[in-house]
file protein00.cif (mmCIF, C-alpha atoms)
data_coords
#
loop_
_atom_site.group_PDB
_atom_site.id
_atom_site.type_symbol
_atom_site.label_atom_id
_atom_site.label_comp_id
_atom_site.auth_asym_id
_atom_site.auth_seq_id
_atom_site.Cartn_x
_atom_site.Cartn_y
_atom_site.Cartn_z
ATOM 1 C CA MET F 1 115.079 59.286 -44.216
ATOM 2 C CA ASP F 2 114.746 55.525 -44.491
ATOM 3 C CA VAL F 3 117.310 53.888 -46.757
ATOM 4 C CA LEU F 4 116.589 50.332 -47.914
ATOM 5 C CA TYR F 5 118.880 47.815 -49.608
ATOM 6 C CA PHE F 6 117.936 44.680 -51.515
ATOM 7 C CA ALA F 7 119.623 41.549 -52.882
ATOM 8 C CA TRP F 8 123.454 41.750 -53.080
ATOM 9 C CA VAL F 9 123.414 45.435 -52.132
ATOM 10 C CA ARG F 10 121.789 44.430 -48.828
ATOM 11 C CA GLU F 11 124.347 41.644 -48.345
ATOM 12 C CA ARG F 12 127.285 43.921 -49.090
ATOM 13 C CA ILE F 13 126.104 46.713 -46.786
ATOM 14 C CA GLY F 14 124.993 44.263 -44.132
ATOM 15 C CA VAL F 15 121.576 45.691 -43.206
ATOM 16 C CA PRO F 16 118.212 45.695 -45.016
ATOM 17 C CA LYS F 17 117.198 49.137 -43.768
ATOM 18 C CA GLU F 18 118.559 52.066 -41.814
ATOM 19 C CA LYS F 19 117.743 55.648 -40.889
ATOM 20 C CA VAL F 20 120.111 58.152 -42.438
ATOM 21 C CA GLU F 21 120.372 61.802 -41.419
ATOM 22 C CA THR F 22 121.482 63.680 -44.481
ATOM 23 C CA THR F 23 121.354 67.028 -46.209
ATOM 24 C CA ALA F 24 122.282 65.459 -49.581
ATOM 25 C CA ALA F 25 120.538 67.265 -52.428
ATOM 26 C CA THR F 26 120.434 64.368 -54.874
ATOM 27 C CA VAL F 27 120.703 60.573 -54.872
ATOM 28 C CA SER F 28 124.283 60.870 -56.194
ATOM 29 C CA ASP F 29 125.165 63.148 -53.269
ATOM 30 C CA LEU F 30 123.728 60.598 -50.834
ATOM 31 C CA VAL F 31 125.733 57.811 -52.502
ATOM 32 C CA ALA F 32 128.931 59.904 -52.214
ATOM 33 C CA GLU F 33 128.165 60.661 -48.567
ATOM 34 C CA LEU F 34 127.576 57.014 -47.671
ATOM 35 C CA SER F 35 130.585 55.805 -49.693
ATOM 36 C CA ALA F 36 132.843 58.206 -47.792
ATOM 37 C CA ARG F 37 131.484 56.892 -44.503
ATOM 38 C CA GLU F 38 132.614 53.238 -44.623
ATOM 39 C CA ASP F 39 134.209 50.742 -47.008
ATOM 40 C CA ARG F 40 131.134 48.511 -47.147
ATOM 41 C CA TYR F 41 129.165 51.378 -48.745
ATOM 42 C CA ALA F 42 131.985 52.214 -51.132
ATOM 43 C CA ALA F 43 132.068 48.535 -52.169
ATOM 44 C CA ALA F 44 128.318 48.392 -52.744
ATOM 45 C CA PHE F 45 128.221 51.675 -54.678
ATOM 46 C CA ALA F 46 131.428 51.131 -56.678
ATOM 47 C CA ASP F 47 129.604 50.685 -59.993
ATOM 48 C CA LEU F 48 126.419 52.736 -60.219
ATOM 49 C CA SER F 49 125.611 51.306 -63.654
ATOM 50 C CA ALA F 50 124.949 48.007 -61.831
ATOM 51 C CA LEU F 51 122.461 49.675 -59.483
ATOM 52 C CA ARG F 52 118.930 50.995 -59.571
ATOM 53 C CA VAL F 53 117.276 53.434 -57.202
ATOM 54 C CA ALA F 54 113.681 53.963 -56.122
ATOM 55 C CA LEU F 55 112.389 57.077 -54.362
ATOM 56 C CA ASP F 56 109.250 56.548 -52.284
ATOM 57 C CA GLN F 57 108.764 53.215 -54.092
ATOM 58 C CA GLU F 58 108.975 54.658 -57.624
ATOM 59 C CA LEU F 59 111.919 53.881 -59.905
ATOM 60 C CA SER F 60 114.043 56.984 -60.288
ATOM 61 C CA ASP F 61 117.604 57.936 -61.203
ATOM 62 C CA PHE F 62 120.793 59.061 -59.529
ATOM 63 C CA ASP F 63 120.388 62.717 -60.561
ATOM 64 C CA ALA F 64 116.996 62.967 -58.873
ATOM 65 C CA PRO F 65 116.546 65.456 -56.014
ATOM 66 C CA LEU F 66 115.879 64.110 -52.513
ATOM 67 C CA ALA F 67 113.757 67.024 -51.281
ATOM 68 C CA GLY F 68 110.575 65.674 -49.711
ATOM 69 C CA VAL F 69 111.601 62.024 -50.153
ATOM 70 C CA GLY F 70 111.022 59.733 -47.155
ATOM 71 C CA GLU F 71 112.259 56.389 -48.492
ATOM 72 C CA VAL F 72 115.225 55.647 -50.765
ATOM 73 C CA ALA F 73 115.958 52.106 -51.945
ATOM 74 C CA PHE F 74 119.058 50.768 -53.701
ATOM 75 C CA PHE F 75 119.079 47.448 -55.531
ATOM 76 C CA PRO F 76 120.489 45.616 -58.547
ATOM 77 C CA PRO F 77 118.542 45.360 -61.828
ATOM 78 C CA MET F 78 115.376 43.384 -61.186
ATOM 79 C CA THR F 79 114.925 39.746 -62.136
ATOM 80 C CA GLY F 80 111.251 38.957 -61.818
ATOM 81 C CA GLY F 81 109.005 36.715 -63.860
ATOM 82 C CA MET Z 1 92.089 43.129 -61.804
ATOM 83 C CA ARG Z 2 93.747 41.055 -59.109
ATOM 84 C CA ILE Z 3 97.387 41.206 -58.039
ATOM 85 C CA SER Z 4 98.799 38.863 -55.452
ATOM 86 C CA VAL Z 5 102.374 38.818 -54.184
ATOM 87 C CA GLN Z 6 102.534 35.772 -51.964
ATOM 88 C CA GLN Z 7 104.780 33.172 -50.412
ATOM 89 C CA GLU Z 8 102.280 30.302 -50.673
ATOM 90 C CA PRO Z 9 101.885 28.109 -53.757
ATOM 91 C CA PHE Z 10 98.869 28.780 -55.983
ATOM 92 C CA ASP Z 11 96.515 26.339 -57.649
ATOM 93 C CA LEU Z 12 96.948 26.992 -61.377
ATOM 94 C CA GLY Z 13 93.768 25.116 -62.336
ATOM 95 C CA ALA Z 14 91.608 26.801 -59.727
ATOM 96 C CA GLU Z 15 92.997 30.247 -60.580
ATOM 97 C CA ALA Z 16 92.486 29.716 -64.320
ATOM 98 C CA ASN Z 17 88.944 28.426 -63.755
ATOM 99 C CA ALA Z 18 87.967 31.291 -61.472
ATOM 100 C CA PHE Z 19 89.499 33.945 -63.727
ATOM 101 C CA ALA Z 20 86.823 35.804 -65.712
ATOM 102 C CA ALA Z 21 84.366 32.976 -64.936
ATOM 103 C CA GLY Z 22 80.844 33.803 -66.100
ATOM 104 C CA ASP Z 23 82.137 36.768 -68.111
ATOM 105 C CA THR Z 24 80.516 36.385 -71.536
ATOM 106 C CA ALA Z 25 81.979 39.608 -72.984
ATOM 107 C CA ASN Z 26 85.484 38.189 -73.241
ATOM 108 C CA GLY Z 27 85.965 35.450 -75.804
ATOM 109 C CA ALA Z 28 89.708 34.991 -75.192
ATOM 110 C CA ILE Z 29 91.619 34.028 -72.067
ATOM 111 C CA VAL Z 30 95.402 33.627 -72.094
ATOM 112 C CA THR Z 31 97.326 32.246 -69.128
ATOM 113 C CA PHE Z 32 101.092 32.086 -68.685
ATOM 114 C CA THR Z 33 102.897 30.248 -65.904
ATOM 115 C CA GLY Z 34 106.547 30.608 -64.917
ATOM 116 C CA VAL Z 35 108.315 27.592 -63.413
ATOM 117 C CA VAL Z 36 111.627 27.379 -61.523
ATOM 118 C CA ARG Z 37 114.162 25.730 -63.786
ATOM 119 C CA ASP Z 38 117.756 24.722 -63.250
ATOM 120 C CA LEU Z 39 119.365 27.729 -64.970
ATOM 121 C CA ALA Z 40 122.897 26.948 -63.910
ATOM 122 C CA GLN Z 41 122.508 23.367 -65.173
ATOM 123 C CA THR Z 42 124.034 22.264 -61.922
ATOM 124 C CA ASP Z 43 122.281 20.802 -58.961
ATOM 125 C CA LEU Z 44 119.938 23.647 -58.204
ATOM 126 C CA ALA Z 45 118.787 22.998 -54.669
ATOM 127 C CA CYS Z 46 116.415 25.931 -54.500
ATOM 128 C CA MET Z 47 115.759 29.466 -55.549
ATOM 129 C CA GLU Z 48 115.140 32.362 -53.204
ATOM 130 C CA ILE Z 49 113.076 35.259 -54.419
ATOM 131 C CA GLU Z 50 113.391 38.535 -52.571
ATOM 132 C CA HIS Z 51 111.068 41.468 -53.203
ATOM 133 C CA TYR Z 52 110.321 45.000 -52.037
ATOM 134 C CA PRO Z 53 107.042 44.830 -50.110
ATOM 135 C CA GLY Z 54 104.855 47.785 -51.008
ATOM 136 C CA MET Z 55 106.722 48.785 -54.147
ATOM 137 C CA THR Z 56 106.177 45.349 -55.696
ATOM 138 C CA GLU Z 57 102.387 45.605 -55.584
ATOM 139 C CA ARG Z 58 102.478 49.214 -56.808
ATOM 140 C CA ALA Z 59 104.829 48.418 -59.682
ATOM 141 C CA ILE Z 60 102.734 45.456 -60.847
ATOM 142 C CA ALA Z 61 99.510 47.482 -60.597
ATOM 143 C CA LYS Z 62 101.098 50.209 -62.715
ATOM 144 C CA ILE Z 63 102.180 47.675 -65.369
ATOM 145 C CA ALA Z 64 98.692 46.113 -65.422
ATOM 146 C CA GLU Z 65 97.004 49.534 -65.659
ATOM 147 C CA GLU Z 66 99.255 50.431 -68.579
ATOM 148 C CA ALA Z 67 98.316 47.141 -70.304
ATOM 149 C CA LYS Z 68 94.641 48.021 -69.871
ATOM 150 C CA THR Z 69 95.152 51.344 -71.647
ATOM 151 C CA ARG Z 70 97.014 49.713 -74.550
ATOM 152 C CA TRP Z 71 94.718 46.768 -75.237
ATOM 153 C CA SER Z 72 91.040 46.064 -74.939
ATOM 154 C CA LEU Z 73 91.111 43.921 -71.809
ATOM 155 C CA GLY Z 74 88.274 42.629 -69.689
ATOM 156 C CA ASP Z 75 90.397 41.491 -66.785
ATOM 157 C CA VAL Z 76 93.977 40.918 -65.621
ATOM 158 C CA LEU Z 77 95.400 38.558 -62.998
ATOM 159 C CA VAL Z 78 99.003 38.551 -61.747
ATOM 160 C CA ILE Z 79 100.264 36.163 -59.054
ATOM 161 C CA HIS Z 80 103.971 36.257 -58.152
ATOM 162 C CA ARG Z 81 105.558 34.251 -55.372
ATOM 163 C CA HIS Z 82 108.522 35.120 -53.181
ATOM 164 C CA GLY Z 83 110.567 33.182 -50.662
ATOM 165 C CA ARG Z 84 112.136 29.767 -51.156
ATOM 166 C CA LEU Z 85 111.117 27.718 -54.194
ATOM 167 C CA ALA Z 86 112.292 24.347 -55.525
ATOM 168 C CA PRO Z 87 112.970 23.374 -59.169
ATOM 169 C CA GLY Z 88 109.629 22.625 -60.797
ATOM 170 C CA ASP Z 89 107.697 24.941 -58.490
ATOM 171 C CA ARG Z 90 105.470 27.515 -60.118
ATOM 172 C CA ILE Z 91 106.849 31.008 -59.525
ATOM 173 C CA MET Z 92 104.170 33.144 -61.070
ATOM 174 C CA MET Z 93 101.258 33.380 -63.440
ATOM 175 C CA VAL Z 94 99.535 36.030 -65.486
ATOM 176 C CA ALA Z 95 96.115 35.766 -67.060
ATOM 177 C CA THR Z 96 94.422 38.165 -69.446
ATOM 178 C CA ALA Z 97 90.836 38.172 -70.671
ATOM 179 C CA ALA Z 98 89.840 40.109 -73.768
ATOM 180 C CA PRO Z 99 87.118 40.130 -76.393
ATOM 181 C CA HIS Z 100 89.701 38.988 -78.968
ATOM 182 C CA ARG Z 101 92.752 36.727 -78.674
ATOM 183 C CA LYS Z 102 95.292 39.160 -80.166
ATOM 184 C CA ASP Z 103 94.732 41.581 -77.286
ATOM 185 C CA ALA Z 104 94.880 38.775 -74.717
ATOM 186 C CA PHE Z 105 98.146 37.336 -76.122
ATOM 187 C CA GLU Z 106 99.889 40.669 -76.606
ATOM 188 C CA ALA Z 107 98.874 42.000 -73.204
ATOM 189 C CA ALA Z 108 100.133 38.801 -71.527
ATOM 190 C CA GLU Z 109 103.504 39.174 -73.286
ATOM 191 C CA TYR Z 110 103.680 42.834 -72.332
ATOM 192 C CA LEU Z 111 102.957 41.975 -68.690
ATOM 193 C CA MET Z 112 105.657 39.306 -68.702
ATOM 194 C CA ASP Z 113 108.257 41.562 -70.336
ATOM 195 C CA TYR Z 114 107.660 44.302 -67.787
ATOM 196 C CA LEU Z 115 107.421 41.980 -64.782
ATOM 197 C CA LYS Z 116 110.878 40.640 -65.675
ATOM 198 C CA SER Z 117 112.709 43.927 -65.361
ATOM 199 C CA ARG Z 118 110.385 46.510 -63.783
ATOM 200 C CA ALA Z 119 108.876 44.671 -60.820
ATOM 201 C CA PRO Z 120 111.224 44.637 -57.808
ATOM 202 C CA PHE Z 121 112.047 40.937 -57.492
ATOM 203 C CA TRP Z 122 115.519 39.427 -57.230
ATOM 204 C CA LYS Z 123 116.340 35.755 -57.676
ATOM 205 C CA LYS Z 124 119.121 33.915 -55.923
ATOM 206 C CA GLU Z 125 120.128 30.402 -56.972
ATOM 207 C CA ILE Z 126 121.340 28.067 -54.270
ATOM 208 C CA THR Z 127 123.392 25.088 -55.458
ATOM 209 C CA ALA Z 128 125.687 22.601 -53.775
ATOM 210 C CA SER Z 129 128.637 24.889 -54.556
ATOM 211 C CA GLY Z 130 127.112 28.044 -53.107
ATOM 212 C CA ALA Z 131 124.597 30.807 -53.630
ATOM 213 C CA GLU Z 132 124.540 33.298 -56.473
ATOM 214 C CA TRP Z 133 122.271 36.189 -57.452
ATOM 215 C CA VAL Z 134 120.816 35.808 -60.931
ATOM 216 C CA ALA Z 135 122.079 38.657 -63.133
ATOM 217 C CA ALA Z 136 119.618 40.633 -65.223
ATOM 218 C CA LYS Z 137 119.948 39.888 -68.932
ATOM 219 C CA ASP Z 138 120.400 42.553 -71.602
ATOM 220 C CA GLU Z 139 117.807 40.771 -73.725
ATOM 221 C CA ASP Z 140 115.204 41.271 -70.996
ATOM 222 C CA GLU Z 141 115.864 45.013 -71.046
ATOM 223 C CA ASP Z 142 115.889 45.003 -74.866
ATOM 224 C CA ALA Z 143 112.514 43.235 -74.880
ATOM 225 C CA LEU Z 144 110.892 46.394 -73.515
ATOM 226 C CA SER Z 145 111.839 48.435 -76.575
ATOM 227 C CA ARG Z 146 109.312 46.650 -78.769
ATOM 228 C CA TRP Z 147 106.462 48.097 -76.732
#
call {"tool": "encode", "arguments": {"input": "protein00.cif", "output": "structure tokens"}}
result
Amino acid sequence: MDVLYFAWVRERIGVPKEKVETTAATVSDLVAELSAREDRYAAAFADLSALRVALDQELSDFDAPLAGVGEVAFFPPMTGG
Amino acid sequence: MRISVQQEPFDLGAEANAFAAGDTANGAIVTFTGVVRDLAQTDLACMEIEHYPGMTERAIAKIAEEAKTRWSLGDVLVIHRHGRLAPGDRIMMVATAAPHRKDAFEAAEYLMDYLKSRAPFWKKEITASGAEWVAAKDEDEDALSRW
């Protein structure tokens, strides 16, 4: 699946987008998998309360299942307007 | 309904004039404009606005559709810029047209409250001493509870 990062999450991880092969069942499982992979992910995902997640461009939550999802995005709380 | 997520500046006067022009069913038009200000009270050189292409347009459309179900609205306009902006530049505008002013005012406030924390934009302030992401404020999240 495509995994996208925005704002400081993108800066901390170092790429805006990447393809990830995963069998993670939920967003939390994917976060744990990535965090175990490299320090830069662990640093970005250290405090999930400071993060938001969107699945196929819809805001979602960390308990949500990933079955059928093609695009996951992680970002900080939004500051529009 | 028109939604534009764009890098280019917009002409506030031209947009306001064109909005709901010739529409005699709506007696009230409200426009709001957001301007880049020096939040850090330092020497803000510029502000960079990042967004999530695709999701941004969808999220704004969803907010505008919800506003149309809650109030009697004739039309809605949302323009939001991204990229590099200078202090004093206009970041965004919303306009609402309704038969009565209460609907137009309330819907404009609703749109603004939701655009602040539910549309995927992120602001970064660049000053002489460095660059910093603007943190979301609790009061912006709290503002949603009144709707």
call {"tool": "residues_around", "arguments": {"input": "protein00.cif", "residues": "segment 93-97 of chain Z", "least_positions_apart": "5", "cutoff": "9 Å", "atoms": "all atoms listed in the file", "output": "short mmCIF file (atom, residue, chain, number, x, y, z; two decimals) with C-alpha atoms, keeping the file's coordinate frame"}}
result
data_model
loop_
_atom_site.label_atom_id
_atom_site.label_comp_id
_atom_site.auth_asym_id
_atom_site.auth_seq_id
_atom_site.Cartn_x
_atom_site.Cartn_y
_atom_site.Cartn_z
CA GLY F 81 109.00 36.72 -63.86
CA LEU Z 12 96.95 26.99 -61.38
CA ALA Z 16 92.49 29.72 -64.32
CA PHE Z 19 89.50 33.94 -63.73
CA ALA Z 20 86.82 35.80 -65.71
CA ASN Z 26 85.48 38.19 -73.24
CA GLY Z 27 85.96 35.45 -75.80
CA ALA Z 28 89.71 34.99 -75.19
CA ILE Z 29 91.62 34.03 -72.07
CA VAL Z 30 95.40 33.63 -72.09
CA THR Z 31 97.33 32.25 -69.13
CA PHE Z 32 101.09 32.09 -68.68
CA THR Z 33 102.90 30.25 -65.90
CA GLY Z 34 106.55 30.61 -64.92
CA SER Z 72 91.04 46.06 -74.94
CA LEU Z 73 91.11 43.92 -71.81
CA GLY Z 74 88.27 42.63 -69.69
CA ASP Z 75 90.40 41.49 -66.78
CA VAL Z 76 93.98 40.92 -65.62
CA LEU Z 77 95.40 38.56 -63.00
CA VAL Z 78 99.00 38.55 -61.75
CA ILE Z 79 100.26 36.16 -59.05
CA HIS Z 80 103.97 36.26 -58.15
CA ASP Z 103 94.73 41.58 -77.29
CA ALA Z 104 94.88 38.78 -74.72
CA PHE Z 105 98.15 37.34 -76.12
CA ALA Z 107 98.87 42.00 -73.20
CA ALA Z 108 100.13 38.80 -71.53
CA LEU Z 111 102.96 41.98 -68.69
CA MET Z 112 105.66 39.31 -68.70
#
call {"tool": "interface_residues", "arguments": {"input": "protein00.cif", "of": "chain F", "to": "chain Z", "cutoff": "10 Å", "atoms": "only C-alpha atoms", "output": "NGL selection string"}}
result
:F and (4-8 or 50 or 54 or 56-59 or 73 or 75-81)
call {"tool": "residues_around", "arguments": {"input": "protein00.cif", "residues": "Glu71 of chain F", "least_positions_apart": "5", "cutoff": "7 Å", "atoms": "all atoms listed in the file", "output": "MDAnalysis selection string"}}
result
chainID F and resid 1:3 55:56
call {"tool": "closest_residue", "arguments": {"input": "protein00.cif", "among": "F:Ala36, F:Val15, F:Leu48, F:Tyr41", "to": "Asp63 of chain F", "atoms": "all atoms listed in the file"}}
result
F:Leu48
call {"tool": "closest_residue", "arguments": {"input": "protein00.cif", "among": "Z:Arg101, Z:Met47, Z:Glu66, Z:Trp71", "to": "Gly88 of chain Z", "atoms": "all atoms listed in the file"}}
result
Z:Met47
